[in-house]
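*Asks:* Pasting final05.txt here (compact mmCIF, N, CA and C atoms):
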```
# COMPACT_ATOMS: atom_id res chain seq x y z
N MET A 1 -24.28 1.60 -7.27
CA MET A 1 -23.34 0.59 -7.74
C MET A 1 -22.82 1.01 -9.11
N ILE A 2 -21.56 0.78 -9.33
CA ILE A 2 -20.93 1.11 -10.60
C ILE A 2 -21.14 -0.07 -11.55
N ALA A 3 -21.50 0.22 -12.79
CA ALA A 3 -21.87 -0.82 -13.75
C ALA A 3 -20.65 -1.48 -14.37
N VAL A 4 -20.05 -2.38 -13.61
CA VAL A 4 -18.93 -3.18 -14.13
C VAL A 4 -19.21 -4.61 -13.72
N ASN A 5 -19.09 -5.54 -14.63
CA ASN A 5 -19.25 -6.95 -14.34
C ASN A 5 -18.31 -7.33 -13.22
N LYS A 6 -18.76 -8.18 -12.27
CA LYS A 6 -17.91 -8.51 -11.12
C LYS A 6 -16.63 -9.24 -11.53
N TYR A 7 -16.57 -9.78 -12.73
CA TYR A 7 -15.36 -10.45 -13.20
C TYR A 7 -14.51 -9.54 -14.09
N GLN A 8 -15.04 -8.39 -14.43
CA GLN A 8 -14.36 -7.45 -15.31
C GLN A 8 -13.47 -6.53 -14.48
N THR A 9 -12.36 -6.14 -15.05
CA THR A 9 -11.52 -5.14 -14.41
C THR A 9 -11.38 -3.96 -15.36
N VAL A 10 -11.03 -2.80 -14.78
CA VAL A 10 -10.87 -1.60 -15.58
C VAL A 10 -9.52 -0.97 -15.29
N SER A 11 -9.07 -0.15 -16.21
CA SER A 11 -7.80 0.55 -16.05
C SER A 11 -7.93 1.65 -15.01
N ILE A 12 -6.81 2.21 -14.61
CA ILE A 12 -6.84 3.29 -13.62
C ILE A 12 -7.56 4.52 -14.17
N GLY A 13 -7.42 4.79 -15.45
CA GLY A 13 -8.13 5.92 -16.05
C GLY A 13 -9.63 5.73 -15.99
N GLU A 14 -10.08 4.53 -16.30
CA GLU A 14 -11.51 4.22 -16.24
C GLU A 14 -11.99 4.23 -14.79
N ALA A 15 -11.18 3.73 -13.87
CA ALA A 15 -11.53 3.76 -12.45
C ALA A 15 -11.71 5.21 -11.99
N SER A 16 -10.84 6.07 -12.44
CA SER A 16 -10.93 7.50 -12.10
C SER A 16 -12.23 8.09 -12.63
N ARG A 17 -12.53 7.80 -13.87
CA ARG A 17 -13.75 8.33 -14.49
C ARG A 17 -15.00 7.82 -13.78
N LEU A 18 -15.02 6.55 -13.40
CA LEU A 18 -16.20 5.96 -12.79
C LEU A 18 -16.41 6.38 -11.33
N THR A 19 -15.32 6.70 -10.63
CA THR A 19 -15.42 6.98 -9.19
C THR A 19 -15.34 8.46 -8.84
N GLY A 20 -14.79 9.27 -9.73
CA GLY A 20 -14.61 10.68 -9.42
C GLY A 20 -13.32 10.99 -8.70
N ALA A 21 -12.55 9.98 -8.35
CA ALA A 21 -11.24 10.18 -7.72
C ALA A 21 -10.21 10.35 -8.83
N SER A 22 -9.23 11.20 -8.61
CA SER A 22 -8.21 11.41 -9.65
C SER A 22 -7.27 10.20 -9.71
N ILE A 23 -6.60 10.06 -10.83
CA ILE A 23 -5.61 8.99 -10.99
C ILE A 23 -4.54 9.13 -9.92
N LYS A 24 -4.11 10.35 -9.67
CA LYS A 24 -3.09 10.60 -8.65
C LYS A 24 -3.58 10.15 -7.27
N GLN A 25 -4.83 10.44 -6.93
CA GLN A 25 -5.39 10.01 -5.65
C GLN A 25 -5.39 8.50 -5.54
N ILE A 26 -5.86 7.83 -6.58
CA ILE A 26 -5.96 6.38 -6.55
C ILE A 26 -4.58 5.75 -6.38
N ARG A 27 -3.60 6.23 -7.12
CA ARG A 27 -2.23 5.71 -6.98
C ARG A 27 -1.70 5.94 -5.57
N ASN A 28 -1.91 7.15 -5.06
CA ASN A 28 -1.43 7.49 -3.73
C ASN A 28 -2.08 6.61 -2.67
N TRP A 29 -3.38 6.42 -2.75
CA TRP A 29 -4.09 5.60 -1.77
C TRP A 29 -3.55 4.17 -1.76
N ALA A 30 -3.25 3.62 -2.93
CA ALA A 30 -2.68 2.28 -2.99
C ALA A 30 -1.26 2.27 -2.42
N ASP A 31 -0.48 3.29 -2.74
CA ASP A 31 0.91 3.36 -2.27
C ASP A 31 1.01 3.45 -0.76
N ILE A 32 0.07 4.17 -0.12
CA ILE A 32 0.14 4.34 1.34
C ILE A 32 -0.72 3.32 2.10
N GLY A 33 -1.35 2.40 1.38
CA GLY A 33 -2.09 1.32 2.02
C GLY A 33 -3.54 1.63 2.38
N ILE A 34 -4.09 2.72 1.86
CA ILE A 34 -5.49 3.05 2.13
C ILE A 34 -6.40 2.08 1.38
N ILE A 35 -6.03 1.71 0.16
CA ILE A 35 -6.75 0.68 -0.59
C ILE A 35 -5.76 -0.42 -0.93
N GLU A 36 -6.28 -1.59 -1.23
CA GLU A 36 -5.43 -2.72 -1.61
C GLU A 36 -4.72 -2.40 -2.93
N PRO A 37 -3.45 -2.78 -3.03
CA PRO A 37 -2.77 -2.59 -4.32
C PRO A 37 -3.52 -3.37 -5.40
N PRO A 38 -3.71 -2.76 -6.55
CA PRO A 38 -4.48 -3.43 -7.60
C PRO A 38 -3.70 -4.56 -8.26
N ASP A 39 -4.46 -5.45 -8.90
CA ASP A 39 -3.83 -6.46 -9.73
C ASP A 39 -3.17 -5.74 -10.90
N ARG A 40 -2.17 -6.36 -11.45
CA ARG A 40 -1.50 -5.77 -12.61
C ARG A 40 -1.50 -6.78 -13.76
N VAL A 41 -1.71 -6.25 -14.94
CA VAL A 41 -1.71 -7.06 -16.15
C VAL A 41 -0.46 -6.71 -16.93
N GLN A 42 0.34 -7.72 -17.21
CA GLN A 42 1.59 -7.51 -17.94
C GLN A 42 1.31 -7.38 -19.43
N CYS A 43 1.88 -6.36 -20.02
CA CYS A 43 1.75 -6.15 -21.47
C CYS A 43 3.13 -5.73 -21.95
N GLY A 44 3.87 -6.68 -22.47
CA GLY A 44 5.25 -6.40 -22.86
C GLY A 44 6.07 -6.13 -21.62
N LYS A 45 6.79 -5.02 -21.61
CA LYS A 45 7.62 -4.67 -20.46
C LYS A 45 6.85 -3.87 -19.41
N ARG A 46 5.60 -3.53 -19.69
CA ARG A 46 4.81 -2.70 -18.77
C ARG A 46 3.78 -3.53 -18.03
N ALA A 47 3.45 -3.09 -16.83
CA ALA A 47 2.39 -3.72 -16.04
C ALA A 47 1.33 -2.66 -15.76
N TYR A 48 0.11 -2.94 -16.17
CA TYR A 48 -0.98 -1.98 -16.03
C TYR A 48 -1.86 -2.35 -14.84
N ARG A 49 -2.20 -1.32 -14.03
CA ARG A 49 -3.06 -1.52 -12.88
C ARG A 49 -4.48 -1.82 -13.37
N GLN A 50 -5.11 -2.80 -12.73
CA GLN A 50 -6.48 -3.18 -13.08
C GLN A 50 -7.31 -3.21 -11.80
N TYR A 51 -8.47 -2.58 -11.83
CA TYR A 51 -9.33 -2.44 -10.67
C TYR A 51 -10.63 -3.22 -10.86
N SER A 52 -11.00 -3.96 -9.81
CA SER A 52 -12.22 -4.78 -9.83
C SER A 52 -13.42 -3.96 -9.37
N GLN A 53 -14.59 -4.57 -9.45
CA GLN A 53 -15.82 -3.94 -8.97
C GLN A 53 -15.67 -3.57 -7.50
N ALA A 54 -15.13 -4.47 -6.69
CA ALA A 54 -14.95 -4.20 -5.26
C ALA A 54 -14.00 -3.01 -5.04
N ASP A 55 -12.93 -2.96 -5.82
CA ASP A 55 -11.99 -1.83 -5.73
C ASP A 55 -12.71 -0.51 -6.03
N LEU A 56 -13.53 -0.52 -7.07
CA LEU A 56 -14.25 0.69 -7.48
C LEU A 56 -15.21 1.16 -6.40
N GLU A 57 -15.90 0.22 -5.78
CA GLU A 57 -16.83 0.58 -4.72
C GLU A 57 -16.09 1.20 -3.53
N THR A 58 -14.94 0.64 -3.18
CA THR A 58 -14.14 1.17 -2.08
C THR A 58 -13.65 2.58 -2.40
N ILE A 59 -13.12 2.76 -3.59
CA ILE A 59 -12.62 4.08 -4.02
C ILE A 59 -13.75 5.11 -4.01
N LYS A 60 -14.90 4.71 -4.54
CA LYS A 60 -16.04 5.63 -4.60
C LYS A 60 -16.50 6.01 -3.19
N SER A 61 -16.51 5.05 -2.27
CA SER A 61 -16.91 5.33 -0.88
C SER A 61 -15.94 6.29 -0.22
N ILE A 62 -14.64 6.03 -0.38
CA ILE A 62 -13.64 6.92 0.21
C ILE A 62 -13.80 8.33 -0.34
N LYS A 63 -13.95 8.44 -1.64
CA LYS A 63 -14.11 9.75 -2.28
C LYS A 63 -15.34 10.47 -1.73
N ALA A 64 -16.44 9.76 -1.55
CA ALA A 64 -17.67 10.37 -1.03
C ALA A 64 -17.45 10.88 0.40
N PHE A 65 -16.79 10.09 1.24
CA PHE A 65 -16.52 10.53 2.61
C PHE A 65 -15.58 11.74 2.63
N LEU A 66 -14.59 11.74 1.75
CA LEU A 66 -13.69 12.90 1.67
C LEU A 66 -14.47 14.15 1.25
N ASP A 67 -15.37 13.99 0.31
CA ASP A 67 -16.18 15.12 -0.15
C ASP A 67 -17.08 15.67 0.96
N GLU A 68 -17.41 14.82 1.93
CA GLU A 68 -18.22 15.24 3.07
C GLU A 68 -17.37 15.92 4.14
N GLY A 69 -16.05 15.90 3.97
CA GLY A 69 -15.17 16.60 4.91
C GLY A 69 -14.41 15.72 5.88
N TYR A 70 -14.52 14.41 5.75
CA TYR A 70 -13.78 13.51 6.62
C TYR A 70 -12.31 13.47 6.22
N THR A 71 -11.45 13.11 7.17
CA THR A 71 -10.03 12.93 6.86
C THR A 71 -9.87 11.65 6.04
N LEU A 72 -8.74 11.51 5.40
CA LEU A 72 -8.49 10.32 4.60
C LEU A 72 -8.53 9.06 5.46
N GLN A 73 -7.93 9.10 6.63
CA GLN A 73 -7.91 7.93 7.51
C GLN A 73 -9.34 7.57 7.96
N ALA A 74 -10.13 8.56 8.32
CA ALA A 74 -11.52 8.31 8.74
C ALA A 74 -12.33 7.78 7.57
N ALA A 75 -12.15 8.35 6.40
CA ALA A 75 -12.87 7.92 5.21
C ALA A 75 -12.54 6.47 4.88
N ALA A 76 -11.27 6.10 4.96
CA ALA A 76 -10.84 4.74 4.67
C ALA A 76 -11.44 3.76 5.68
N LYS A 77 -11.44 4.15 6.96
CA LYS A 77 -12.00 3.28 7.99
C LYS A 77 -13.50 3.07 7.78
N MET A 78 -14.23 4.14 7.48
CA MET A 78 -15.67 4.02 7.24
C MET A 78 -15.96 3.20 5.98
N ALA A 79 -15.14 3.33 4.97
CA ALA A 79 -15.33 2.54 3.74
C ALA A 79 -15.09 1.07 4.03
N ASP A 80 -14.13 0.75 4.90
CA ASP A 80 -13.88 -0.65 5.28
C ASP A 80 -15.06 -1.25 6.04
N GLU A 81 -15.72 -0.41 6.83
CA GLU A 81 -16.84 -0.88 7.65
C GLU A 81 -18.12 -1.03 6.86
N LYS A 82 -18.14 -0.47 5.67
CA LYS A 82 -19.33 -0.51 4.82
C LYS A 82 -19.64 -1.89 4.32
```
Taking this structure as input, can you express it in the form of structure tokens?
*Replies:*
Amino acid sequence: MIAVNKYQTVSIGEASRLTGASIKQIRNWADIGIIEPPDRVQCGKRAYRQYSQADLETIKSIKAFLDEGYTLQAAAKMADEK
């Protein structure tokens, strides 16, 4: 389990550091529907992606399955079943 309070969210950079998935991977997975689009926090004219504990666990699971050689679709399906 990743040490983040269940009510706390983290930035995409922190999500990348905690899960081992690159920022580009995380953005791509959200864009193509592999993971749920993250909540966004508005700061001036910019909106920053924020990831919850559940998001981090999903990303970490997908990354682990990919590292084992599964396809992205298979990894996403197995992470959903977890």
*Asks:* Excluding Lys63 of chain A and any residue of its chain fewer than 5 positions from it, enumerate the residues within 6.5 Å of it, using only N, CA and C atoms, and give them as a list in words.
*Replies:*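 The neighbour list is Ala21, Thr58 and Glu68 of chain A.
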*Asks:* Would you output that residue set with N, CA and C atoms, as an mmCIF file, in the coordinates of the input?
*Replies:*
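Dumped everything to again03.cif:
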```cif
data_model
loop_
_atom_site.group_PDB
_atom_site.id
_atom_site.type_symbol
_atom_site.label_atom_id
_atom_site.label_comp_id
_atom_site.auth_asym_id
_atom_site.auth_seq_id
_atom_site.Cartn_x
_atom_site.Cartn_y
_atom_site.Cartn_z
ATOM 1 N N ALA A 21 -12.550 9.980 -8.350
ATOM 2 C CA ALA A 21 -11.240 10.180 -7.720
ATOM 3 C C ALA A 21 -10.210 10.350 -8.830
ATOM 4 N N THR A 58 -14.940 0.640 -3.180
ATOM 5 C CA THR A 58 -14.140 1.170 -2.080
ATOM 6 C C THR A 58 -13.650 2.580 -2.400
ATOM 7 N N GLU A 68 -17.410 14.820 1.930
ATOM 8 C CA GLU A 68 -18.220 15.240 3.070
ATOM 9 C C GLU A 68 -17.370 15.920 4.140
#
```
*Asks:* From the DSSP assignment of the backbone, select every residue of chain A that is strand (DSSP E or B), and format the answer as a list in words.
*Replies:*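 Assigned to strand (DSSP E or B), within chain A: Val10, Ser11, Asp39, Arg40, Val41, Gln42, Cys43, Arg46, Ala47, Tyr48, Arg49, Gln50 and Tyr51 of chain A.
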*Asks:* Nearest to Asp80 of chain A: which of A:Gly44, A:Thr19, A:Ile62, A:Thr9 is it, counting all atoms listed in the file?
*Replies:*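 Closest residue, counting all atoms listed in the file: A:Ile62.
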*Asks:* As an exercise, work out the distance from atom CA of Gly13 of chain A to atom CA of Ile26 of chain A in Å and give it to one decimal place.
*Replies:* 9.8 Å
*Asks:* What gap, in Å, lies between atom CA of Thr71 of chain A and atom CA of Tyr48 of chain A?
*Replies:*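 Pair atom CA of Thr71 of chain A / atom CA of Tyr48 of chain A returns 28.8 Å.
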*Asks:* Got a sec to tell me which of chain A DSSP assigns to helix (DSSP H, G or I), as a VMD selection string?
*Replies:* chain A and resid 12 to 19 23 to 31 53 to 67 72 to 81
*Asks:* Using all atoms listed in the file, can you tell me which of A:Asp39, A:Glu81, A:Asp31, A:Asp67 comes closest to Ser52 of chain A?
*Replies:*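 Counting all atoms listed in the file, the residue closest to Ser52 of chain A is A:Asp39.
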*Asks:* Mind pulling up the distance from atom CA of Pro38 of chain A to atom CA of Leu56 of chain A?
*Replies:*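 Computing the Euclidean distance for atom CA of Leu56 of chain A and atom CA of Pro38 of chain A yields 10.6 Å.
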*Asks:* Between A:Asn28, A:Gln42, A:Ser22, A:Gln53, single out the one closest to Val10 of chain A, counting only C-alpha atoms.
*Replies:* A:Gln53
